[in-house]
>>> print(open('input.txt').read())   # compact mmCIF, C-alpha atoms
# COMPACT_ATOMS: atom_id res chain seq x y z
CA MET M 2 -13.73 2.80 -37.15
CA ILE M 3 -11.53 0.23 -35.51
CA ASN M 4 -13.61 -1.04 -32.63
CA LYS M 5 -11.74 -1.63 -29.36
CA LYS M 6 -14.80 -2.29 -27.23
CA VAL M 7 -14.94 -5.52 -25.26
CA ARG M 8 -18.08 -6.54 -23.42
CA ASN M 9 -16.76 -6.70 -19.86
CA VAL M 10 -13.73 -6.79 -17.62
CA ALA M 11 -13.28 -10.55 -18.04
CA ALA M 12 -12.98 -10.14 -21.80
CA ALA M 13 -10.61 -7.21 -21.31
CA LEU M 14 -8.27 -9.25 -19.10
CA LYS M 15 -8.18 -12.27 -21.40
CA GLY M 16 -4.62 -13.55 -21.69
CA VAL M 17 -3.37 -12.26 -18.34
CA LYS M 18 -1.42 -15.19 -16.92
CA ASP M 19 0.72 -16.15 -13.96
CA GLY M 20 4.16 -14.56 -13.95
CA MET M 21 3.25 -11.65 -16.23
CA SER M 22 4.21 -8.02 -15.72
CA LEU M 23 1.52 -5.35 -15.51
CA MET M 24 1.63 -1.57 -15.55
CA LEU M 25 -1.25 -0.10 -13.57
CA GLY M 26 -2.21 3.57 -13.58
CA GLY M 27 -3.16 5.69 -10.59
CA PHE M 28 -1.64 7.89 -7.89
CA GLY M 29 -2.58 6.63 -4.46
CA LEU M 30 -6.18 5.52 -4.95
CA CYS M 31 -6.86 8.29 -7.47
CA GLY M 32 -7.36 7.10 -11.05
CA ILE M 33 -6.71 3.41 -10.42
CA PRO M 34 -8.30 0.75 -12.65
CA GLU M 35 -10.38 -0.59 -9.79
CA ASN M 36 -12.67 -2.84 -11.86
CA SER M 37 -9.68 -4.58 -13.43
CA ILE M 38 -7.92 -4.99 -10.08
CA GLY M 39 -11.07 -6.55 -8.62
CA ALA M 40 -11.24 -8.97 -11.53
CA LEU M 41 -7.54 -9.90 -11.22
CA VAL M 42 -8.29 -10.93 -7.64
CA GLU M 43 -11.14 -13.15 -8.87
CA ILE M 44 -9.12 -14.68 -11.70
CA GLY M 45 -6.41 -15.44 -9.15
CA VAL M 46 -3.36 -14.93 -11.38
CA LYS M 47 -0.16 -15.16 -9.36
CA ASN M 48 3.53 -14.20 -9.39
CA LEU M 49 2.73 -10.87 -10.98
CA THR M 50 5.22 -8.05 -11.40
CA CYS M 51 3.32 -4.81 -10.90
CA ILE M 52 4.61 -1.42 -12.04
CA SER M 53 2.55 1.26 -10.34
CA ASN M 54 3.39 4.44 -8.45
CA ASN M 55 1.89 3.09 -5.21
CA ALA M 56 0.69 -0.23 -3.84
CA GLY M 57 -2.80 0.68 -2.68
CA ILE M 58 -4.03 0.38 0.89
CA ASP M 59 -4.78 -2.80 2.81
CA ASN M 60 -8.33 -3.29 1.53
CA PHE M 61 -8.34 -1.41 -1.77
CA GLY M 62 -6.33 -0.94 -4.94
CA LEU M 63 -3.27 -3.17 -5.34
CA GLY M 64 -3.60 -3.98 -1.62
CA LEU M 65 -6.30 -6.45 -2.68
CA LEU M 66 -3.79 -8.37 -4.83
CA LEU M 67 -1.25 -8.25 -2.01
CA GLN M 68 -3.77 -9.74 0.43
CA LYS M 69 -4.08 -12.76 -1.87
CA LYS M 70 -0.29 -12.93 -2.35
CA GLN M 71 -0.67 -12.50 -6.11
CA ILE M 72 2.21 -10.04 -6.48
CA LYS M 73 5.77 -11.32 -6.63
CA LYS M 74 7.49 -8.03 -7.38
CA MET M 75 6.39 -4.43 -6.94
CA ILE M 76 8.00 -1.51 -8.77
CA ALA M 77 6.84 1.78 -7.24
CA SER M 78 8.02 5.16 -5.98
CA TYR M 79 6.12 5.24 -2.68
CA VAL M 80 4.50 2.42 -0.77
CA GLY M 81 3.79 3.91 2.62
CA GLU M 82 0.13 3.23 3.31
CA ASN M 83 -0.16 -0.53 3.46
CA ALA M 84 0.44 -2.84 6.46
CA GLU M 85 0.25 -6.11 4.48
CA PHE M 86 2.77 -4.69 2.02
CA GLU M 87 5.13 -3.95 4.93
CA ARG M 88 4.74 -7.44 6.31
CA GLN M 89 5.45 -9.13 2.97
CA MET M 90 8.38 -6.83 2.23
CA LEU M 91 10.01 -7.37 5.63
CA SER M 92 9.47 -11.15 5.46
CA GLY M 93 11.05 -11.27 1.99
CA GLU M 94 7.90 -12.70 0.34
CA LEU M 95 7.61 -9.61 -1.83
CA GLU M 96 10.40 -8.18 -3.95
CA VAL M 97 10.31 -4.37 -3.99
CA GLU M 98 12.07 -1.99 -6.38
CA LEU M 99 11.76 1.66 -5.41
CA THR M 100 12.41 4.18 -8.14
CA PRO M 101 12.11 7.98 -8.33
CA GLN M 102 8.64 9.00 -9.42
CA GLY M 103 9.69 11.00 -12.48
CA THR M 104 11.91 8.14 -13.58
CA LEU M 105 9.04 5.68 -13.16
CA THR M 106 6.68 7.63 -15.39
CA GLU M 107 9.39 8.32 -17.97
CA ARG M 108 10.32 4.61 -18.14
CA CYS M 109 6.67 3.96 -19.01
CA ARG M 110 6.56 6.80 -21.52
CA ALA M 111 9.81 5.59 -23.11
CA ALA M 112 8.21 2.18 -23.67
CA GLN M 113 5.18 3.91 -25.21
CA ALA M 114 7.41 6.03 -27.47
CA GLY M 115 9.85 3.31 -28.57
CA ILE M 116 12.81 4.85 -26.77
CA PRO M 117 14.92 2.07 -25.22
CA ALA M 118 16.62 4.22 -22.59
CA PHE M 119 17.19 7.80 -21.47
CA TYR M 120 19.40 9.80 -19.13
CA THR M 121 18.03 11.57 -16.07
CA PRO M 122 19.73 13.35 -13.15
CA ALA M 123 17.26 11.89 -10.62
CA GLY M 124 18.98 9.75 -8.02
CA CYS M 125 22.57 10.56 -9.00
CA GLY M 126 24.86 10.43 -5.98
CA THR M 127 22.42 8.12 -4.16
CA GLU M 128 22.10 4.38 -3.74
CA VAL M 129 19.38 4.06 -6.40
CA VAL M 130 21.87 4.49 -9.25
CA GLU M 131 24.36 1.93 -7.91
CA GLY M 132 25.36 -0.47 -10.67
CA LYS M 133 23.78 1.68 -13.37
CA GLU M 134 25.56 3.42 -16.23
CA THR M 135 26.16 7.11 -15.60
CA ARG M 136 27.36 9.89 -17.83
CA ARG M 137 28.15 13.57 -17.46
CA PHE M 138 26.24 16.10 -19.55
CA ASN M 139 26.90 19.83 -19.17
CA GLY M 140 28.94 19.16 -16.06
CA LYS M 141 26.22 17.20 -14.28
CA MET M 142 25.89 13.47 -13.67
CA HIS M 143 23.00 11.58 -15.21
CA VAL M 144 21.96 7.93 -14.99
CA LEU M 145 20.82 5.74 -17.87
CA GLU M 146 17.35 4.35 -17.23
CA THR M 147 15.69 1.82 -19.53
CA ALA M 148 12.11 1.57 -20.81
CA TYR M 149 9.93 -0.84 -18.84
CA GLU M 150 8.76 -3.98 -20.54
CA ALA M 151 5.28 -5.10 -19.56
CA ASP M 152 2.80 -7.65 -20.87
CA PHE M 153 -0.23 -5.49 -20.11
CA SER M 154 -0.91 -1.84 -19.34
CA ILE M 155 -4.11 -1.39 -17.38
CA VAL M 156 -5.36 2.17 -17.17
CA LYS M 157 -8.42 4.05 -16.00
CA ALA M 158 -9.99 7.01 -17.81
CA TRP M 159 -13.06 9.15 -17.26
CA LYS M 160 -14.58 8.89 -20.73
CA GLY M 161 -13.70 6.81 -23.72
CA ASP M 162 -15.21 5.89 -27.05
CA GLU M 163 -15.37 2.60 -28.90
CA ALA M 164 -12.31 3.57 -30.93
CA GLY M 165 -10.30 3.64 -27.69
CA ASN M 166 -9.90 7.41 -27.47
CA LEU M 167 -9.55 8.50 -23.84
CA ILE M 168 -10.27 11.58 -21.74
CA PHE M 169 -9.11 11.78 -18.13
CA LYS M 170 -10.48 13.88 -15.30
CA GLY M 171 -8.62 16.01 -12.75
CA THR M 172 -5.60 14.44 -11.10
CA ALA M 173 -6.95 10.98 -11.93
CA ARG M 174 -4.90 11.40 -15.12
CA ASN M 175 -1.48 10.93 -13.41
CA PHE M 176 0.39 7.84 -14.70
CA ASN M 177 -2.41 6.57 -16.94
CA PRO M 178 -1.48 8.38 -20.20
CA ALA M 179 2.21 7.37 -20.07
CA MET M 180 1.24 3.72 -19.63
CA CYS M 181 -1.06 3.62 -22.67
CA GLY M 182 0.66 1.66 -25.39
CA ALA M 183 3.65 0.97 -23.13
CA GLY M 184 2.69 -2.63 -22.40
CA LYS M 185 2.19 -5.20 -25.18
CA ILE M 186 -1.58 -4.92 -24.71
CA THR M 187 -3.33 -1.88 -23.23
CA ILE M 188 -6.64 -2.23 -21.43
CA ALA M 189 -8.61 0.90 -20.61
CA GLU M 190 -11.51 0.90 -18.17
CA VAL M 191 -13.68 3.98 -18.32
CA GLU M 192 -16.51 5.44 -16.29
CA GLU M 193 -18.45 6.23 -19.43
CA LEU M 194 -18.04 4.48 -22.78
CA VAL M 195 -19.64 6.42 -25.64
CA PRO M 196 -20.14 5.73 -29.36
CA VAL M 197 -17.55 7.11 -31.78
CA GLY M 198 -18.25 10.63 -32.91
CA THR M 199 -19.47 11.67 -29.47
CA LEU M 200 -16.15 12.98 -28.15
CA ASP M 201 -14.61 16.16 -29.53
CA PRO M 202 -11.30 15.19 -31.22
CA ASN M 203 -9.81 18.42 -29.81
CA GLN M 204 -10.35 17.16 -26.28
CA ILE M 205 -8.87 13.65 -26.61
CA HIS M 206 -5.94 13.08 -24.22
CA ILE M 207 -4.91 9.67 -25.54
CA PRO M 208 -5.68 8.59 -29.12
CA GLY M 209 -7.17 5.14 -29.53
CA ILE M 210 -4.09 3.85 -31.33
CA PHE M 211 -2.50 3.36 -27.90
CA VAL M 212 -5.44 1.33 -26.58
CA ASN M 213 -6.26 -2.29 -27.51
CA ARG M 214 -9.32 -3.03 -25.39
CA ILE M 215 -11.81 -0.69 -23.76
CA PHE M 216 -14.77 -1.38 -21.48
CA GLN M 217 -17.06 0.53 -19.16
CA GLY M 218 -16.53 -0.38 -15.51
CA THR M 219 -19.63 -1.51 -13.63
CA LYS M 220 -18.73 0.15 -10.34
CA PHE M 221 -16.36 2.92 -9.31
CA GLU M 222 -15.92 3.37 -5.58
CA LYS M 223 -13.32 6.12 -6.02
CA ARG M 224 -12.17 6.05 -2.43
CA ILE M 225 -10.46 9.08 -0.90
CA GLU M 226 -7.25 8.36 1.01
CA GLN M 227 -6.81 11.65 2.90
CA ARG M 228 -10.11 13.46 3.09
CA THR M 229 -9.06 17.00 3.97
CA ILE M 230 -11.45 19.91 4.33
CA ARG M 231 -11.28 23.55 5.32
CA LEU M 232 -13.39 24.72 8.20
CA ASN M 233 -13.96 28.35 7.31
CA MET H 24 11.73 31.65 21.43
CA ALA H 25 12.01 28.85 18.89
CA LEU H 26 9.45 28.92 16.08
CA ASP H 27 6.63 26.46 15.68
CA LYS H 28 5.99 24.72 12.36
CA ASN H 29 3.47 27.29 11.24
CA THR H 30 5.89 30.15 11.87
CA ILE H 31 8.64 28.36 9.94
CA ALA H 32 6.19 28.20 7.04
CA LYS H 33 5.40 31.89 7.48
CA ARG H 34 9.10 32.77 7.23
CA ILE H 35 9.51 30.65 4.09
CA ALA H 36 6.54 32.41 2.50
CA LYS H 37 8.69 35.56 2.51
CA GLU H 38 10.89 33.85 -0.10
CA LEU H 39 7.98 33.73 -2.56
CA LYS H 40 8.21 36.20 -5.40
CA ASP H 41 5.57 37.41 -7.80
CA GLY H 42 5.22 35.00 -10.73
CA PHE H 43 6.80 31.99 -9.01
CA TYR H 44 5.72 28.42 -9.77
CA VAL H 45 6.24 26.52 -6.53
CA ASN H 46 6.28 22.85 -5.52
CA LEU H 47 5.61 22.23 -1.84
CA GLY H 48 6.49 18.94 -0.16
CA ILE H 49 4.53 17.16 2.55
CA GLY H 50 4.59 18.42 6.16
CA ILE H 51 5.77 21.93 7.10
CA PRO H 52 6.16 22.93 3.39
CA THR H 53 2.41 22.43 2.81
CA LEU H 54 1.73 25.16 5.39
CA VAL H 55 3.60 27.73 3.28
CA ALA H 56 0.51 28.02 1.06
CA ASN H 57 -1.37 29.58 4.00
CA HIS H 58 0.97 32.58 4.09
CA VAL H 59 1.18 33.85 0.51
CA PRO H 60 1.15 37.66 0.56
CA PRO H 61 -2.05 38.83 -1.17
CA GLU H 62 -0.22 41.25 -3.46
CA ILE H 63 1.76 38.57 -5.35
CA ALA H 64 0.68 35.90 -7.83
CA ILE H 65 1.95 32.37 -7.12
CA GLU H 66 0.97 29.03 -8.64
CA PHE H 67 1.45 25.85 -6.66
CA GLN H 68 2.32 22.67 -8.53
CA SER H 69 1.76 19.16 -7.26
CA GLU H 70 3.71 16.40 -8.98
CA ASN H 71 0.68 14.14 -9.34
CA GLY H 72 -0.47 16.49 -12.10
CA VAL H 73 -1.94 19.87 -11.16
CA LEU H 74 -0.79 23.46 -11.39
CA GLY H 75 -2.83 26.13 -9.63
CA ILE H 76 -3.80 24.41 -6.38
CA GLY H 77 -6.38 26.20 -4.25
CA PRO H 78 -7.40 25.70 -0.63
CA PHE H 79 -8.80 22.48 0.80
CA PRO H 80 -12.47 21.96 -0.16
CA PHE H 81 -15.39 22.70 2.12
CA GLU H 82 -17.08 19.64 3.55
CA GLY H 83 -19.25 18.04 0.89
CA ASP H 84 -17.17 19.42 -1.98
CA GLU H 85 -14.42 16.78 -1.81
CA ASP H 86 -13.67 15.18 -5.19
CA ALA H 87 -11.89 11.81 -5.32
CA ASP H 88 -10.43 12.83 -8.70
CA LEU H 89 -8.79 15.94 -7.27
CA ILE H 90 -5.93 15.41 -4.83
CA ASN H 91 -2.41 16.66 -4.13
CA ALA H 92 0.77 14.58 -3.87
CA GLY H 93 0.00 13.98 -0.19
CA LYS H 94 -3.27 12.35 -1.39
CA GLN H 95 -5.29 15.10 0.31
CA THR H 96 -8.43 16.44 -1.33
CA ILE H 97 -7.87 19.91 -2.83
CA THR H 98 -9.51 22.55 -4.98
CA THR H 99 -8.10 24.49 -7.94
CA MET H 100 -7.70 28.20 -8.61
CA PRO H 101 -8.94 29.98 -11.76
CA GLY H 102 -6.33 29.31 -14.45
CA ALA H 103 -5.41 25.90 -13.06
CA SER H 104 -4.38 23.02 -15.33
CA PHE H 105 -4.15 19.24 -15.15
CA PHE H 106 -1.52 17.11 -16.85
CA ASP H 107 -0.04 13.65 -16.70
CA SER H 108 2.91 12.53 -14.56
CA SER H 109 5.43 12.67 -17.41
CA MET H 110 4.58 16.29 -18.18
CA SER H 111 4.64 17.06 -14.47
CA PHE H 112 8.22 15.83 -14.22
CA SER H 113 9.08 17.69 -17.42
CA MET H 114 8.19 20.82 -15.44
CA ILE H 115 10.40 19.65 -12.58
CA ARG H 116 13.34 18.15 -14.49
CA GLY H 117 13.17 20.90 -17.10
CA LYS H 118 13.71 23.55 -14.41
CA HIS H 119 10.39 25.29 -14.99
CA ILE H 120 9.60 25.29 -11.27
CA ASP H 121 11.01 28.40 -9.55
CA LEU H 122 11.03 27.16 -5.98
CA THR H 123 10.89 23.78 -4.27
CA VAL H 124 10.23 23.59 -0.53
CA LEU H 125 10.69 20.24 1.14
CA GLY H 126 11.28 18.62 4.50
CA ALA H 127 14.42 16.73 5.48
CA MET H 128 15.75 14.29 8.05
CA GLU H 129 19.32 15.60 7.59
CA VAL H 130 21.12 18.30 5.62
CA ALA H 131 24.91 18.42 5.23
CA GLU H 132 27.06 21.54 5.08
CA ASN H 133 27.72 20.93 1.35
CA GLY H 134 24.00 20.93 0.57
CA ASP H 135 23.44 17.16 0.53
CA ILE H 136 19.98 16.12 1.71
CA ALA H 137 18.61 12.90 3.22
CA ASN H 138 14.86 12.57 3.58
CA TRP H 139 13.66 9.21 2.29
CA LYS H 140 15.09 6.26 4.14
CA ILE H 141 16.18 5.19 7.60
CA PRO H 142 18.14 1.90 7.44
CA GLY H 143 16.56 -0.77 9.61
CA LYS H 144 13.24 1.01 9.57
CA LEU H 145 10.51 0.53 7.06
CA VAL H 146 11.25 2.20 3.75
CA LYS H 147 8.29 3.97 2.22
CA GLY H 148 9.99 5.26 -0.90
CA MET H 149 11.33 8.48 -2.33
CA GLY H 150 8.22 9.46 -4.28
CA GLY H 151 9.14 12.48 -6.37
CA ALA H 152 11.80 13.83 -3.99
CA MET H 153 14.83 12.55 -5.92
CA ASP H 154 13.61 14.05 -9.19
CA LEU H 155 12.88 17.35 -7.44
CA VAL H 156 16.22 17.73 -5.68
CA ALA H 157 18.23 16.58 -8.70
CA SER H 158 16.89 19.35 -10.91
CA ALA H 159 15.48 22.22 -8.85
CA GLN H 160 17.49 25.45 -9.03
CA ASN H 161 16.15 26.82 -5.80
CA ILE H 162 15.57 24.39 -2.94
CA ILE H 163 14.56 25.53 0.54
CA VAL H 164 14.45 22.96 3.30
CA ALA H 165 11.86 23.42 6.04
CA MET H 166 12.72 21.35 9.09
CA MET H 167 13.18 21.18 12.84
CA GLN H 168 16.89 21.62 13.54
CA VAL H 169 17.18 18.96 16.25
CA ASN H 170 15.60 15.51 16.29
CA LYS H 171 13.60 13.93 19.11
CA ARG H 172 16.82 12.80 20.79
CA GLY H 173 18.14 16.36 20.79
CA GLU H 174 20.69 15.71 18.03
CA SER H 175 21.44 18.24 15.31
CA LYS H 176 20.11 17.59 11.80
CA LEU H 177 22.49 20.16 10.25
CA LEU H 178 25.55 17.96 9.83
CA LYS H 179 29.07 17.86 8.44
CA LYS H 180 28.00 14.80 6.46
CA CYS H 181 24.64 13.05 6.23
CA SER H 182 24.53 9.69 8.02
CA LEU H 183 21.33 8.53 6.30
CA PRO H 184 21.07 7.42 2.65
CA LEU H 185 21.03 10.51 0.43
CA THR H 186 18.13 11.83 -1.59
CA GLY H 187 20.32 14.24 -3.54
CA ILE H 188 23.75 15.82 -3.49
CA LYS H 189 24.86 19.46 -3.19
CA CYS H 190 21.41 20.77 -3.94
CA VAL H 191 20.02 22.60 -0.90
CA LYS H 192 20.38 26.40 -1.08
CA LYS H 193 18.64 27.54 2.07
CA ILE H 194 17.28 26.06 5.31
CA VAL H 195 14.65 27.50 7.63
CA THR H 196 14.35 25.86 11.05
CA GLU H 197 12.75 26.70 14.39
CA LEU H 198 16.02 28.45 15.33
CA GLY H 199 17.27 30.25 12.25
CA VAL H 200 17.70 30.79 8.52
CA TYR H 201 20.82 29.37 6.87
CA GLU H 202 22.33 29.62 3.42
CA ILE H 203 24.65 26.92 2.12
CA ILE H 204 28.00 28.46 1.13
CA ALA H 205 31.36 26.86 0.33
CA GLU H 206 32.41 26.85 4.01
CA GLY H 207 29.16 25.43 5.40
CA PHE H 208 25.97 26.78 7.00
CA LEU H 209 25.86 30.58 6.90
CA LEU H 210 23.55 31.81 9.67
CA VAL H 211 21.76 34.86 8.27
CA GLU H 212 18.78 35.16 10.63
CA TYR H 213 17.91 33.92 14.12
CA ALA H 214 14.42 33.32 15.50
CA PRO H 215 13.23 36.02 17.91
CA GLY H 216 14.80 35.47 21.30
CA VAL H 217 17.06 32.59 20.19
CA SER H 218 20.75 33.08 21.06
CA VAL H 219 23.61 32.38 18.69
CA GLU H 220 25.00 30.14 21.43
CA ARG H 221 21.88 27.96 21.27
CA ILE H 222 22.14 27.81 17.47
CA LYS H 223 25.82 26.80 17.69
CA ASN H 224 24.87 23.97 20.05
CA ALA H 225 22.19 22.81 17.64
CA THR H 226 24.48 22.78 14.56
CA GLU H 227 26.91 19.89 14.13
CA GLY H 228 28.19 21.05 10.74
CA ASN H 229 30.41 24.07 10.21
CA LEU H 230 28.51 27.23 11.18
CA ILE H 231 29.49 30.66 9.91
CA ILE H 232 27.82 33.74 11.37
CA SER H 233 26.88 36.28 8.73
CA ASN H 234 28.16 39.83 9.17
CA GLY H 235 24.64 40.94 8.39
CA LEU H 236 23.05 38.61 10.97
CA LYS H 237 19.62 39.83 12.00
CA GLU H 238 16.47 38.74 13.75
CA MET H 239 13.82 37.07 11.59
CA ASN H 240 11.16 39.42 10.38
CA PHE H 241 7.73 38.12 9.44
CA SER H 242 6.00 41.22 8.20
>>> encode(input="input.txt", output="structure tokens")
Amino acid sequence: MINKKVRNVAAALKGVKDGMSLMLGGFGLCGIPENSIGALVEIGVKNLTCISNNAGIDNFGLGLLLQKKQIKKMIASYVGENAEFERQMLSGELEVELTPQGTLTERCRAAQAGIPAFYTPAGCGTEVVEGKETRRFNGKMHVLETAYEADFSIVKAWKGDEAGNLIFKGTARNFNPAMCGAGKITIAEVEELVPVGTLDPNQIHIPGIFVNRIFQGTKFEKRIEQRTIRLN
Amino acid sequence: MALDKNTIAKRIAKELKDGFYVNLGIGIPTLVANHVPPEIAIEFQSENGVLGIGPFPFEGDEDADLINAGKQTITTMPGASFFDSSMSFSMIRGKHIDLTVLGAMEVAENGDIANWKIPGKLVKGMGGAMDLVASAQNIIVAMMQVNKRGESKLLKKCSLPLTGIKCVKKIVTELGVYEIIAEGFLLVEYAPGVSVERIKNATEGNLIISNGLKEMNFS
């Protein structure tokens, strides 16, 4: 067994430095690597480029890094829930690149799979493809999108074993699988880290080959952004 | 009388067919799920990675790991499945979704849609909308036909930055149901009590009145 276990979040984040690019899993606040984000705030690394579908809210998720002005550039598909983000974007302190959601995940997956670029129809005819190479297939325009390059991928899973195998839960899966192995080093934080042999190989979502470091988070708040209930 | 948002959703639900996989956008489209006829089987997809969405949970049953693309807590139906974002957009880009219902700020008579950005105002992002409109075969727009200033949102040409081009097939508003044809907006149904004159005044783009024009029917 190749052991990927590290003792804590600090050991997992070793080597994260100013100016690096990070892919971070999650959709809204669902399935975000919250222990790692908390530790990045403490370490205080700056000038980060963050690739993540959203940018958290003011006091949670990537919003915590924004509060400390640790993010230089944000690549996301939707950033609507964050006042500090708005302020930094409008003042020009924060560079923002908005990209269609399916393109964002596929650019991660392409990096994972060793595909340098791919064509997609998303965004054709709109301002997001301006300056990009386009090509017609079967009578329809497509745009060439490249794989993202990132120094670290930081993902969150439900269960993992010491070999780095991961299982996700519910819609907390989202962008996490596509980011595994897409950055130069992949860090997985899990709610429950178990010995090898405990997880059924049939149920593994991401094989450990895509994960370099794994640790069990000490605390998962798992905040809900839009608590919605039915009354009857 | 013009329809309210819930009744627009009710009319769109009539477009659902047995066996459809459906992606609903945020806003009026979400309400369509409340009006599925009991005799047909539909599965709702949400692009954050779930197929087979059920109703909102009862209080106390909310699960932070189970949300829709609007970040609302949800439940799942028997037969539901979870998957990652790349597979979710394989369903969308690969044309496996039978119907997409989404809101819009503007629709043009050639089927162009604008729903993600207002220049000079804060940009929140396109989310999955550009992927959806670029690939969906069957797009219905659910929207109010006039904006708060009383201006038509069915236009000759969109004034806002586009989300997608020549993709909308049908529009349901508080005033009527329209199909996009080569000449423009084909009015096929009017809301009960709404005059064609009122609809003409609320449509800036080219409006064609269908020979088979009829009142909307919700049953």
>>> residues_around(input="input.txt", residues="Leu145 of chain H", least_positions_apart="4", cutoff="8 Å", atoms="all atoms listed in the file", output="ChimeraX atom specification")
/M:87 /H:140-141
>>> interface_residues(input="input.txt", of="chain H", to="chain M", cutoff="9 Å", atoms="only C-alpha atoms", output="PyMOL selection string")
chain H and resi 70-73+78-97+104-109+111-113+115-116+145-158+184-188
>>> atom_distance(input="input.txt", atom1="atom CA of Phe67 of chain H", atom2="atom CA of Val45 of chain H")
4.8 Å
>>> atom_distance(input="input.txt", atom1="atom CA of Ala151 of chain M", atom2="atom CA of Met24 of chain M")
6.5 Å
>>> atom_distance(input="input.txt", atom1="atom CA of Asn57 of chain H", atom2="atom CA of Glu38 of chain H")
13.6 Å
>>> residues_around(input="input.txt", residues="Gly209 of chain M", least_positions_apart="4", cutoff="8 Å", atoms="all atoms listed in the file", output="list in words")
Ala164, Gly165, Asn166, Leu167 and Asn213 of chain M
>>> write_last_selection(input="input.txt", atoms="C-alpha atoms", output="CSV table (one decimal), keeping the file's coordinate frame")
chain,number,residue,atom,x,y,z
M,164,ALA,CA,-12.3,3.6,-30.9
M,165,GLY,CA,-10.3,3.6,-27.7
M,166,ASN,CA,-9.9,7.4,-27.5
M,167,LEU,CA,-9.6,8.5,-23.8
M,213,ASN,CA,-6.3,-2.3,-27.5
>>> residues_around(input="input.txt", residues="Ala225 of chain H", least_positions_apart="5", cutoff="7 Å", atoms="only C-alpha atoms", output="mmCIF file with C-alpha atoms, in the frame of the given file")
data_model
loop_
_atom_site.group_PDB
_atom_site.id
_atom_site.type_symbol
_atom_site.label_atom_id
_atom_site.label_comp_id
_atom_site.auth_asym_id
_atom_site.auth_seq_id
_atom_site.Cartn_x
_atom_site.Cartn_y
_atom_site.Cartn_z
ATOM 1 C CA GLN H 168 16.890 21.620 13.540
ATOM 2 C CA VAL H 169 17.180 18.960 16.250
ATOM 3 C CA SER H 175 21.440 18.240 15.310
#
>>> residues_near_point(input="input.txt", point="(-5.6, 29.5, -11.9)", cutoff="10 Å", atoms="all atoms listed in the file", output="PyMOL selection string")
chain H and resi 64-67+74-77+99-104
>>> closest_residue(input="input.txt", among="M:Val7, M:Ile76, M:Val46, M:Ala118", to="Leu194 of chain M", atoms="only C-alpha atoms")
M:Val7
